[in-house]
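*Asks:* Pasting in a structure now, in structure tokens, and then I'll have a few things to ask.
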Amino acid sequence: MGSPCHFALFELQPAFLVDQAQLSARYRELAKAVHPDRFADAGDREQRLALEQSARLNEAYQTLKSAPRRALYLLALRGRELPLEVTVQDPEFLLQQMRWREELEDLQDSADLAGVATFKKRLKVAQDELDQDFAACWDDVARREEAERLVRRMQFLDKLAHEVRDLEERLDD
């Protein structure tokens, strides 16, 4: 995992719900302090350390900024490493995935930019609901399987959200 904990780096308590504005502000502050350019005139060792600190800071920020990555990280902190890509043993959600995929294909085929915007809003609502559900159960050992199932759903929705943004950009050109 590397030390220190990503949350500690940003002076945050390990939690799923993170104030993104506070995280970004703290990241910018820390990034300035460890930016390799500040150590251009320093010795090789100091330059290497600055580069390592900067890389660790960037990795921590990317992890904490992304809901699915933050969720996986929290579970890993609790000793539960999840494989990154796992078939969802979740028939209800698999059905929902197929519906979303078909709808997205239809929107692409019809080049319906307004429809894509509506789809994107519904997807955001689904992501927000998942985030709330995960926040409520991730640290409860008795609800570990539920938390893992929710992370897998988050990963799918995150991937789908990227595809929606890509489609939006293609249709907007």
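Residues in the structure tokens are named by chain (A, B, ... in the order shown) and by number from 1 within that chain; ligands are numbered from 1 in the order shown.
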Residues near stretch 65-76 of chain A, anyone? I mean within 8 Å using only C-alpha atoms, not counting same-chain ones fewer than 5 positions away, as a PyMOL selection string.
*Replies:* chain A and resi 14-16+20+23+81-82+131+134+138+151+154-155+158
*Asks:* Skipping near chain neighbours, those fewer than 4 positions away, what residues fall within 12 Å of A:Ala21 using only C-alpha atoms, listed as a list in words?
*Replies:*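 Residues meeting the cut-off are Ala25, Arg26, Tyr27, Arg28, Leu64 and Lys65 of chain A.
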*Asks:* I want to know what sits within 12 Å of A:Asp106, based on only C-alpha atoms, with residues of the same chain fewer than 4 positions away left out; could you give that as a PyMOL selection string?
*Replies:* chain A and resi 99-102+110-113+115-116+119+167
*Asks:* Would you save the residues from that selection as an mmCIF file, in the first residue's frame, using C-alpha atoms?
*Replies:*
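out_32.cif written:
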```cif
data_model
loop_
_atom_site.group_PDB
_atom_site.id
_atom_site.type_symbol
_atom_site.label_atom_id
_atom_site.label_comp_id
_atom_site.auth_asym_id
_atom_site.auth_seq_id
_atom_site.Cartn_x
_atom_site.Cartn_y
_atom_site.Cartn_z
ATOM 1 C CA ARG A 99 -30.653 -1.980 -20.264
ATOM 2 C CA TRP A 100 -28.231 0.922 -19.830
ATOM 3 C CA ARG A 101 -25.953 -0.400 -22.580
ATOM 4 C CA GLU A 102 -28.884 -0.815 -25.002
ATOM 5 C CA SER A 110 -29.884 8.306 -33.127
ATOM 6 C CA ALA A 111 -27.185 10.899 -32.263
ATOM 7 C CA ASP A 112 -29.549 12.230 -29.592
ATOM 8 C CA LEU A 113 -27.480 14.791 -27.654
ATOM 9 C CA GLY A 115 -31.128 12.183 -24.681
ATOM 10 C CA VAL A 116 -27.478 11.684 -23.736
ATOM 11 C CA PHE A 119 -29.112 9.698 -19.507
ATOM 12 C CA LEU A 167 -20.238 9.841 -26.705
#
```
*Asks:* Using only C-alpha atoms, which residue out of A:Ser24, A:Arg149, A:Leu57, A:Asp140 lies closest to A:Pro91?
*Replies:*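 Ranking A:Ser24, A:Arg149, A:Leu57, A:Asp140 by distance to A:Pro91, first place goes to A:Arg149.
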*Asks:* Pick out the closest residue to A:Glu105 from this set: A:Glu46, A:Asp37, A:Glu163, A:Glu11. Count only C-alpha atoms.
*Replies:* A:Glu163
*Asks:* Determine which residues of chain A receive a DSSP assignment of helix (DSSP H, G or I), computed from the backbone, and state them as a ChimeraX atom specification.
*Replies:* /A:6-9,20-34,36-39,44-65,67-77,91-110,113-137,141-172
*Asks:* For C-alpha atoms, I'd like the residues from the last selection saved as a compact mmCIF listing (two decimals), in the first residue's frame.
*Replies:*
```txt
# COMPACT_ATOMS: atom_id res chain seq x y z
CA HIS A 6 -3.53 8.30 1.39
CA PHE A 7 -5.96 9.88 3.85
CA ALA A 8 -3.19 10.82 6.30
CA LEU A 9 -1.30 12.50 3.46
CA GLN A 20 -13.83 17.13 -2.93
CA ALA A 21 -13.20 20.90 -2.79
CA GLN A 22 -11.16 20.49 0.41
CA LEU A 23 -9.29 17.53 -1.12
CA SER A 24 -8.43 19.52 -4.27
CA ALA A 25 -7.32 22.57 -2.30
CA ARG A 26 -5.09 20.46 -0.04
CA TYR A 27 -3.69 18.64 -3.09
CA ARG A 28 -2.71 21.93 -4.79
CA GLU A 29 -1.08 23.11 -1.56
CA LEU A 30 0.92 19.90 -1.13
CA ALA A 31 1.77 19.62 -4.84
CA LYS A 32 3.43 23.06 -4.75
CA ALA A 33 5.53 22.05 -1.75
CA VAL A 34 6.87 18.83 -3.32
CA PRO A 36 10.23 18.60 -8.51
CA ASP A 37 10.92 22.03 -10.10
CA ARG A 38 11.38 23.45 -6.59
CA PHE A 39 14.32 21.06 -6.18
CA ASP A 44 20.36 14.16 -6.71
CA ARG A 45 18.97 12.61 -3.53
CA GLU A 46 16.67 15.58 -2.81
CA GLN A 47 15.51 15.64 -6.43
CA ARG A 48 14.73 11.91 -6.33
CA LEU A 49 12.86 12.28 -3.02
CA ALA A 50 10.82 15.20 -4.40
CA LEU A 51 9.94 13.12 -7.46
CA GLU A 52 8.89 10.16 -5.28
CA GLN A 53 6.82 12.40 -2.98
CA SER A 54 5.17 14.04 -5.97
CA ALA A 55 4.32 10.65 -7.51
CA ARG A 56 2.93 9.35 -4.19
CA LEU A 57 0.87 12.53 -3.77
CA ASN A 58 -0.55 12.22 -7.31
CA GLU A 59 -1.44 8.55 -6.78
CA ALA A 60 -3.14 9.34 -3.46
CA TYR A 61 -5.08 12.22 -5.01
CA GLN A 62 -6.26 10.16 -8.01
CA THR A 63 -7.38 7.40 -5.62
CA LEU A 64 -9.28 9.66 -3.23
CA LYS A 65 -10.82 11.74 -6.03
CA ALA A 67 -15.42 7.11 -5.78
CA PRO A 68 -14.74 3.53 -6.99
CA ARG A 69 -10.99 3.80 -6.36
CA ARG A 70 -11.58 5.37 -2.93
CA ALA A 71 -14.03 2.57 -2.08
CA LEU A 72 -11.54 -0.14 -3.13
CA TYR A 73 -8.81 1.60 -1.16
CA LEU A 74 -10.93 1.75 1.99
CA LEU A 75 -11.75 -1.96 1.71
CA ALA A 76 -8.04 -2.69 1.18
CA LEU A 77 -7.21 -0.68 4.33
CA PRO A 91 -28.37 -10.80 -11.62
CA GLU A 92 -30.55 -7.76 -10.94
CA PHE A 93 -27.67 -5.40 -11.66
CA LEU A 94 -26.56 -7.39 -14.72
CA LEU A 95 -30.04 -6.84 -16.17
CA GLN A 96 -29.80 -3.12 -15.39
CA GLN A 97 -26.37 -3.00 -17.07
CA MET A 98 -27.80 -4.52 -20.24
CA ARG A 99 -30.65 -1.98 -20.26
CA TRP A 100 -28.23 0.92 -19.83
CA ARG A 101 -25.95 -0.40 -22.58
CA GLU A 102 -28.88 -0.81 -25.00
CA GLU A 103 -30.15 2.66 -24.19
CA LEU A 104 -26.70 4.14 -24.75
CA GLU A 105 -26.39 2.34 -28.10
CA ASP A 106 -29.80 3.70 -29.14
CA LEU A 107 -28.72 7.22 -28.16
CA GLN A 108 -25.53 6.79 -30.16
CA ASP A 109 -27.39 5.44 -33.21
CA SER A 110 -29.88 8.31 -33.13
CA LEU A 113 -27.48 14.79 -27.65
CA ALA A 114 -30.42 15.85 -25.45
CA GLY A 115 -31.13 12.18 -24.68
CA VAL A 116 -27.48 11.68 -23.74
CA ALA A 117 -27.70 14.64 -21.32
CA THR A 118 -30.80 13.12 -19.69
CA PHE A 119 -29.11 9.70 -19.51
CA LYS A 120 -26.06 11.33 -17.90
CA LYS A 121 -28.25 12.96 -15.20
CA ARG A 122 -29.94 9.64 -14.40
CA LEU A 123 -26.54 7.95 -14.23
CA LYS A 124 -25.30 10.63 -11.80
CA VAL A 125 -28.34 10.01 -9.55
CA ALA A 126 -27.59 6.25 -9.61
CA GLN A 127 -23.93 6.96 -8.73
CA ASP A 128 -24.90 9.27 -5.87
CA GLU A 129 -27.27 6.61 -4.47
CA LEU A 130 -24.51 3.98 -4.67
CA ASP A 131 -22.09 6.34 -2.92
CA GLN A 132 -24.57 6.87 -0.07
CA ASP A 133 -25.23 3.12 0.22
CA PHE A 134 -21.51 2.33 0.29
CA ALA A 135 -20.80 5.09 2.83
CA ALA A 136 -23.38 3.48 5.12
CA CYS A 137 -21.86 -0.01 5.07
CA VAL A 141 -17.79 -6.15 8.94
CA ALA A 142 -21.24 -7.73 8.90
CA ARG A 143 -22.05 -5.85 5.67
CA ARG A 144 -18.74 -6.54 3.89
CA GLU A 145 -20.28 -8.54 1.02
CA GLU A 146 -22.78 -5.76 0.40
CA ALA A 147 -19.93 -3.21 0.33
CA GLU A 148 -18.00 -5.33 -2.17
CA ARG A 149 -21.07 -5.71 -4.38
CA LEU A 150 -21.59 -1.94 -4.29
CA VAL A 151 -17.95 -1.30 -5.27
CA ARG A 152 -18.38 -3.52 -8.31
CA ARG A 153 -21.51 -1.59 -9.25
CA MET A 154 -19.57 1.68 -8.78
CA GLN A 155 -16.83 0.45 -11.09
CA PHE A 156 -19.38 -0.35 -13.79
CA LEU A 157 -21.16 3.01 -13.45
CA ASP A 158 -17.84 4.87 -13.49
CA LYS A 159 -16.86 3.11 -16.71
CA LEU A 160 -20.30 3.81 -18.19
CA ALA A 161 -20.01 7.50 -17.20
CA HIS A 162 -16.71 7.72 -19.14
CA GLU A 163 -18.39 6.16 -22.17
CA VAL A 164 -21.26 8.65 -21.89
CA ARG A 165 -18.80 11.59 -21.77
CA ASP A 166 -16.96 10.20 -24.81
CA LEU A 167 -20.24 9.84 -26.70
CA GLU A 168 -21.26 13.37 -25.71
CA GLU A 169 -17.96 14.74 -27.06
CA ARG A 170 -18.32 12.80 -30.33
CA LEU A 171 -21.89 14.00 -30.84
CA ASP A 172 -20.97 17.56 -29.90
```
